[in-house]
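Below: the structure, in structure tokens.
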Amino acid sequence: MNHSSRLLDTLPNLAFASVADRWALPLVVYDSELRFVYANKAYLEVTNTIWEQIEGQFIFDIFPEVPERRAPVEALMRRALAGETTSLDAVPYEIVMPNGSREMRVWQAVQDPYRDAQGRVTHIIQRAEDITAQMELQRQNDFMQNELAHRIRNMFSVIMATSRISGATAENVETFVDDFNERLVSMSRVYSSLNNNDWRGLSLRKIASDELEGLLGRGSNRYTLRGDDILLTVKASKDAALIIHELAANARKFGCFSVPEGHLAFEWYLEGRVLHVHWTETGVPDVRPPTRSGFGSQLFEMFPKIKATRTFAADGIQMKAEIPLVKSPIDMPVS
């Protein structure tokens with residue numbers, strides 16, 4: 001590099017200057033006026049500059065700072081000139097890239113004082129590290145921790161609400177324990193599926209299949225599913241699992257799964273921005289409306305945007321629901 005000899009003339013004892021040109025770590029030297037007297041190749045590359053642009057320039061002319069941030073940075077530089085090794089906090093700088101675009105990079109720098117033969121500090125050697133990737137990883141980790149805490153709070157809120165409604169609608173303690181435990185198993189199942197899918201939501205088909213398989217076992221011919229693989233949001237996935245579980249549990253107690261010849265047809269389709277769902281149970285003789293409001297009835301009251309109707313036919317129950325979509329056809333917020 002053509003400025004190495006000038007640096008060696010300025011700092012005759014800085015024997016590592018020729019080696020520093022081959023370092024991967026960015027390194028720069030300032031004089032007592034905080035002007036550039038040396039920068040190695042790595043520094044010039046990461047800052048997208050050439051030596052002629054920065055030679056002899058004041059640091060804050062090359063990297064302008066807002067007043068409130070310049071003062072503490074300059075103070076650390078002055079402390080280094082006073083003989084103290086100092087470290088800068090992680091500082092973001094906007095770098096002009098070769099294509100003219102601007103990119104924000106985060107730097108962590110250490111300033112070492114350089115002394116002449118008489119022990120006087122004449123220069124600052126600054127070694128810098130680009131920690132943009134580490135900072136982004138930390139930001140993502142912080143986001144994930146906050147998101148996890150949020151999901152845990154929501155999960156416990158749902159569990160508490162489920163417990164209250166289960167207790168209010170149960171006929172006795174044994175029924176409460178059995179039904180509540182089954183609801184928790186259903187919640188655990190959908191949370192596990194969401195986690196396995198990196199919390200990107202689940203398809204309505206998978207949710208229905210998982211719930212019905214959990215109730216009837218794999219390979220059952222007691223039900224049919226018809227509909228496209230509509231991907232639901234995370235919240236909608238949890239809500240859909242809760243509703244489908246309750247419908248299936250009622251079918252096992254009172255509906256098509258309570259009799260040998262009973263069958264369920266579960267269908268869904270999109271019409272404009274509305275998702276239509278048909279839950280049709282057949283093969284159930286002497287179907288009558290319930291005499292009391294159970295968990296399933298109160299559950300639908302928790303989702304006022306769902307328009308649901310139940311019909312008690314001669315051989316079974318049919319439930320139709322309309323769920324308005326927002327944002328995009330794959331989103332199904334149900335509350």
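Chain identifiers are assigned as A, B, and so on, following the order in which chains appear in the structure tokens; residues are numbered from 1 within each chain, and ligands are numbered from 1 in order of appearance.
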Write out as a PyMOL selection string all residues of region 67-312 of chain A that DSSP puts in helix (DSSP H, G or I) for this structure's backbone.
chain A and resi 67-81+132-169+173-196+204-216+234-253+256-258+295-301
Go ahead and write the selection's residues with C-alpha atoms as a compact mmCIF listing (two decimals), in the first residue's frame.
```txt
# COMPACT_ATOMS: atom_id res chain seq x y z
CA PRO A 67 -23.37 16.78 18.38
CA GLU A 68 -24.76 14.63 21.18
CA ARG A 69 -22.82 11.61 19.95
CA ARG A 70 -19.66 13.34 18.75
CA ALA A 71 -18.78 14.71 22.20
CA PRO A 72 -18.46 11.32 24.01
CA VAL A 73 -16.61 9.78 21.03
CA GLU A 74 -14.12 12.63 20.91
CA ALA A 75 -13.73 12.45 24.69
CA LEU A 76 -12.66 8.79 24.42
CA MET A 77 -10.19 9.72 21.70
CA ARG A 78 -8.71 12.44 23.93
CA ARG A 79 -8.41 9.96 26.78
CA ALA A 80 -6.46 7.67 24.47
CA LEU A 81 -4.13 10.57 23.65
CA THR A 132 -23.41 -5.79 12.41
CA ALA A 133 -24.21 -9.52 12.17
CA GLN A 134 -23.85 -9.99 15.94
CA MET A 135 -26.08 -7.00 16.65
CA GLU A 136 -28.71 -8.29 14.23
CA LEU A 137 -28.55 -11.70 15.88
CA GLN A 138 -28.97 -10.07 19.29
CA ARG A 139 -31.93 -8.07 17.98
CA GLN A 140 -33.53 -11.26 16.66
CA ASN A 141 -32.89 -13.06 19.95
CA ASP A 142 -34.46 -10.20 21.90
CA PHE A 143 -37.46 -10.26 19.57
CA MET A 144 -37.82 -14.02 19.95
CA GLN A 145 -37.63 -13.79 23.74
CA ASN A 146 -40.28 -11.07 23.79
CA GLU A 147 -42.43 -13.05 21.37
CA LEU A 148 -42.05 -16.20 23.47
CA ALA A 149 -43.03 -14.33 26.62
CA HIS A 150 -46.05 -12.89 24.78
CA ARG A 151 -47.11 -16.33 23.57
CA ILE A 152 -46.72 -17.85 27.01
CA ARG A 153 -48.92 -15.12 28.51
CA ASN A 154 -51.52 -15.70 25.81
CA MET A 155 -51.37 -19.46 26.32
CA PHE A 156 -52.02 -19.14 30.04
CA SER A 157 -54.84 -16.69 29.34
CA VAL A 158 -56.48 -19.25 27.06
CA ILE A 159 -55.95 -22.02 29.62
CA MET A 160 -57.54 -19.91 32.35
CA ALA A 161 -60.50 -18.99 30.14
CA THR A 162 -60.92 -22.64 29.12
CA SER A 163 -60.81 -23.68 32.77
CA ARG A 164 -63.48 -21.16 33.74
CA ILE A 165 -65.84 -22.15 30.95
CA SER A 166 -65.18 -25.86 31.51
CA GLY A 167 -66.00 -25.49 35.17
CA ALA A 168 -69.15 -23.52 34.47
CA THR A 169 -70.53 -26.05 31.98
CA VAL A 173 -65.98 -32.94 38.81
CA GLU A 174 -65.13 -36.07 36.83
CA THR A 175 -66.54 -34.57 33.62
CA PHE A 176 -64.68 -31.34 34.23
CA VAL A 177 -61.34 -33.13 34.70
CA ASP A 178 -61.77 -35.32 31.62
CA ASP A 179 -62.94 -32.53 29.31
CA PHE A 180 -60.40 -30.00 30.56
CA ASN A 181 -57.52 -32.45 30.15
CA GLU A 182 -58.61 -33.25 26.60
CA ARG A 183 -58.71 -29.55 25.78
CA LEU A 184 -55.20 -29.12 27.15
CA VAL A 185 -54.00 -32.05 25.01
CA SER A 186 -55.53 -30.37 21.97
CA MET A 187 -53.81 -27.09 22.80
CA SER A 188 -50.50 -28.90 23.30
CA ARG A 189 -50.92 -30.59 19.92
CA VAL A 190 -51.47 -27.37 17.98
CA TYR A 191 -48.66 -25.54 19.81
CA SER A 192 -46.31 -28.38 18.95
CA SER A 193 -47.36 -28.26 15.29
CA LEU A 194 -46.87 -24.49 15.18
CA ASN A 195 -43.42 -24.83 16.70
CA ASN A 196 -42.47 -27.53 14.18
CA LEU A 204 -56.97 -25.77 7.98
CA ARG A 205 -56.72 -29.32 6.60
CA LYS A 206 -53.84 -30.22 8.92
CA ILE A 207 -55.58 -28.78 11.96
CA ALA A 208 -58.78 -30.72 11.22
CA SER A 209 -56.85 -33.92 10.44
CA ASP A 210 -54.78 -33.70 13.63
CA GLU A 211 -57.82 -33.11 15.84
CA LEU A 212 -59.88 -35.89 14.30
CA GLU A 213 -56.97 -38.34 14.33
CA GLY A 214 -56.38 -37.48 17.97
CA LEU A 215 -60.00 -38.43 18.66
CA LEU A 216 -60.50 -41.41 16.33
CA VAL A 234 -50.82 -18.36 14.06
CA LYS A 235 -53.74 -17.00 16.08
CA ALA A 236 -56.31 -18.39 13.67
CA SER A 237 -54.60 -21.79 13.80
CA LYS A 238 -54.99 -21.91 17.58
CA ASP A 239 -58.58 -20.69 17.43
CA ALA A 240 -59.51 -23.16 14.68
CA ALA A 241 -58.00 -26.07 16.63
CA LEU A 242 -60.00 -25.07 19.72
CA ILE A 243 -63.27 -24.92 17.78
CA ILE A 244 -62.71 -28.13 15.78
CA HIS A 245 -61.73 -30.01 18.92
CA GLU A 246 -64.94 -28.96 20.63
CA LEU A 247 -67.10 -29.90 17.65
CA ALA A 248 -65.40 -33.30 17.43
CA ALA A 249 -65.71 -33.89 21.19
CA ASN A 250 -69.45 -33.13 21.01
CA ALA A 251 -69.76 -35.48 18.03
CA ARG A 252 -68.17 -38.23 20.14
CA LYS A 253 -70.53 -37.61 23.07
CA CYS A 256 -72.03 -38.96 14.64
CA PHE A 257 -69.08 -40.49 16.49
CA SER A 258 -71.36 -41.77 19.26
CA PHE A 295 -68.80 -25.30 26.28
CA GLY A 296 -69.21 -25.38 22.50
CA SER A 297 -72.08 -22.89 22.53
CA GLN A 298 -70.20 -20.48 24.79
CA LEU A 299 -67.05 -20.95 22.71
CA PHE A 300 -68.65 -19.44 19.63
CA GLU A 301 -69.66 -16.43 21.69
```
If we count only C-alpha atoms and set the cut-off at 9 Å, which residues sit around Glu267 (chain A), ignoring sequence neighbours fewer than 4 positions away in its own chain? Please answer as number ranges by chain.
A: 224-227, 276-280
How about saving the chosen residues, C-alpha atoms kept, as an mmCIF file, in the first residue's frame?
```cif
data_model
loop_
_atom_site.group_PDB
_atom_site.id
_atom_site.type_symbol
_atom_site.label_atom_id
_atom_site.label_comp_id
_atom_site.auth_asym_id
_atom_site.auth_seq_id
_atom_site.Cartn_x
_atom_site.Cartn_y
_atom_site.Cartn_z
ATOM 1 C CA THR A 224 -64.088 -36.930 5.114
ATOM 2 C CA LEU A 225 -62.311 -33.619 4.572
ATOM 3 C CA ARG A 226 -62.892 -31.492 1.482
ATOM 4 C CA GLY A 227 -61.274 -28.137 0.807
ATOM 5 C CA HIS A 276 -67.334 -20.868 4.377
ATOM 6 C CA VAL A 277 -67.220 -23.930 6.623
ATOM 7 C CA HIS A 278 -69.729 -26.811 6.631
ATOM 8 C CA TRP A 279 -69.687 -29.400 9.424
ATOM 9 C CA THR A 280 -72.234 -32.106 8.590
#
```
Just the residues within 8 Å of region 55-65 of chain A, please, counting only C-alpha atoms, with nothing from its chain fewer than 6 positions along; format it as a PyMOL selection string.
chain A and resi 33-38+93
For the selection just defined, write its residues with N, CA, C and O atoms to a file, as a PDB file, in the first residue's frame.
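Result written to out-v3.pdb:
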```pdb
ATOM      1  N   GLU A  33      -4.069  15.324  16.342  1.00  0.00           N
ATOM      2  CA  GLU A  33      -5.180  16.192  15.930  1.00  0.00           C
ATOM      3  C   GLU A  33      -6.353  15.376  15.405  1.00  0.00           C
ATOM      4  O   GLU A  33      -7.276  15.922  14.804  1.00  0.00           O
ATOM      5  N   LEU A  34      -6.283  14.067  15.637  1.00  0.00           N
ATOM      6  CA  LEU A  34      -7.321  13.137  15.194  1.00  0.00           C
ATOM      7  C   LEU A  34      -7.487  13.148  13.674  1.00  0.00           C
ATOM      8  O   LEU A  34      -8.598  13.080  13.150  1.00  0.00           O
ATOM      9  N   ARG A  35      -6.341  13.202  12.988  1.00  0.00           N
ATOM     10  CA  ARG A  35      -6.328  13.136  11.534  1.00  0.00           C
ATOM     11  C   ARG A  35      -5.733  11.794  11.102  1.00  0.00           C
ATOM     12  O   ARG A  35      -4.859  11.246  11.758  1.00  0.00           O
ATOM     13  N   PHE A  36      -6.229  11.285   9.985  1.00  0.00           N
ATOM     14  CA  PHE A  36      -5.781   9.987   9.485  1.00  0.00           C
ATOM     15  C   PHE A  36      -4.325  10.054   9.023  1.00  0.00           C
ATOM     16  O   PHE A  36      -3.958  10.907   8.210  1.00  0.00           O
ATOM     17  N   VAL A  37      -3.492   9.134   9.539  1.00  0.00           N
ATOM     18  CA  VAL A  37      -2.131   9.004   9.026  1.00  0.00           C
ATOM     19  C   VAL A  37      -1.879   7.601   8.471  1.00  0.00           C
ATOM     20  O   VAL A  37      -0.849   7.375   7.818  1.00  0.00           O
ATOM     21  N   TYR A  38      -2.822   6.674   8.737  1.00  0.00           N
ATOM     22  CA  TYR A  38      -2.676   5.333   8.180  1.00  0.00           C
ATOM     23  C   TYR A  38      -4.010   4.600   8.282  1.00  0.00           C
ATOM     24  O   TYR A  38      -4.765   4.774   9.239  1.00  0.00           O
ATOM     25  N   TYR A  93     -22.742   3.249  11.633  1.00  0.00           N
ATOM     26  CA  TYR A  93     -22.302   4.221  10.632  1.00  0.00           C
ATOM     27  C   TYR A  93     -22.909   3.850   9.283  1.00  0.00           C
ATOM     28  O   TYR A  93     -23.017   2.666   8.948  1.00  0.00           O
TER      29      TYR A  93
END
```
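For the set A:Asn48, A:Arg273, A:Phe266, A:Met302, the residue with the smallest atom-to-atom gap to Met319 (chain A) is A:Phe266, counting only C-alpha atoms.
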DSSP on the backbone, then: every residue of region 176-294 of chain A marked strand (DSSP E or B), written as a count of residues only.
24
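In terms of minimum interatomic distance to Ala20 (chain A), A:Gln126 ranks closest within A:Thr85, A:Gln111, A:Gln53, A:Gln126, counting only C-alpha atoms.
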What's the 7 Å shell around Val287 (chain A), counting only C-alpha atoms, without same-chain residues fewer than 2 positions away, as a PyMOL selection string?
chain A and resi 284-285+289+312-316
Given only C-alpha atoms as the counted atoms, nearest of A:Ala128, A:Met104, A:Ala117, A:Ile323 to Asp89 (chain A):
A:Ala128
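Coordinates place CA of Ile306 (chain A) at a distance of 7.5 Å from CA of Pro324 (chain A).
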Enter the distance from CA of Asn221 (chain A) to CA of His263 (chain A), in Å, rounded to one decimal.
8.2 Å
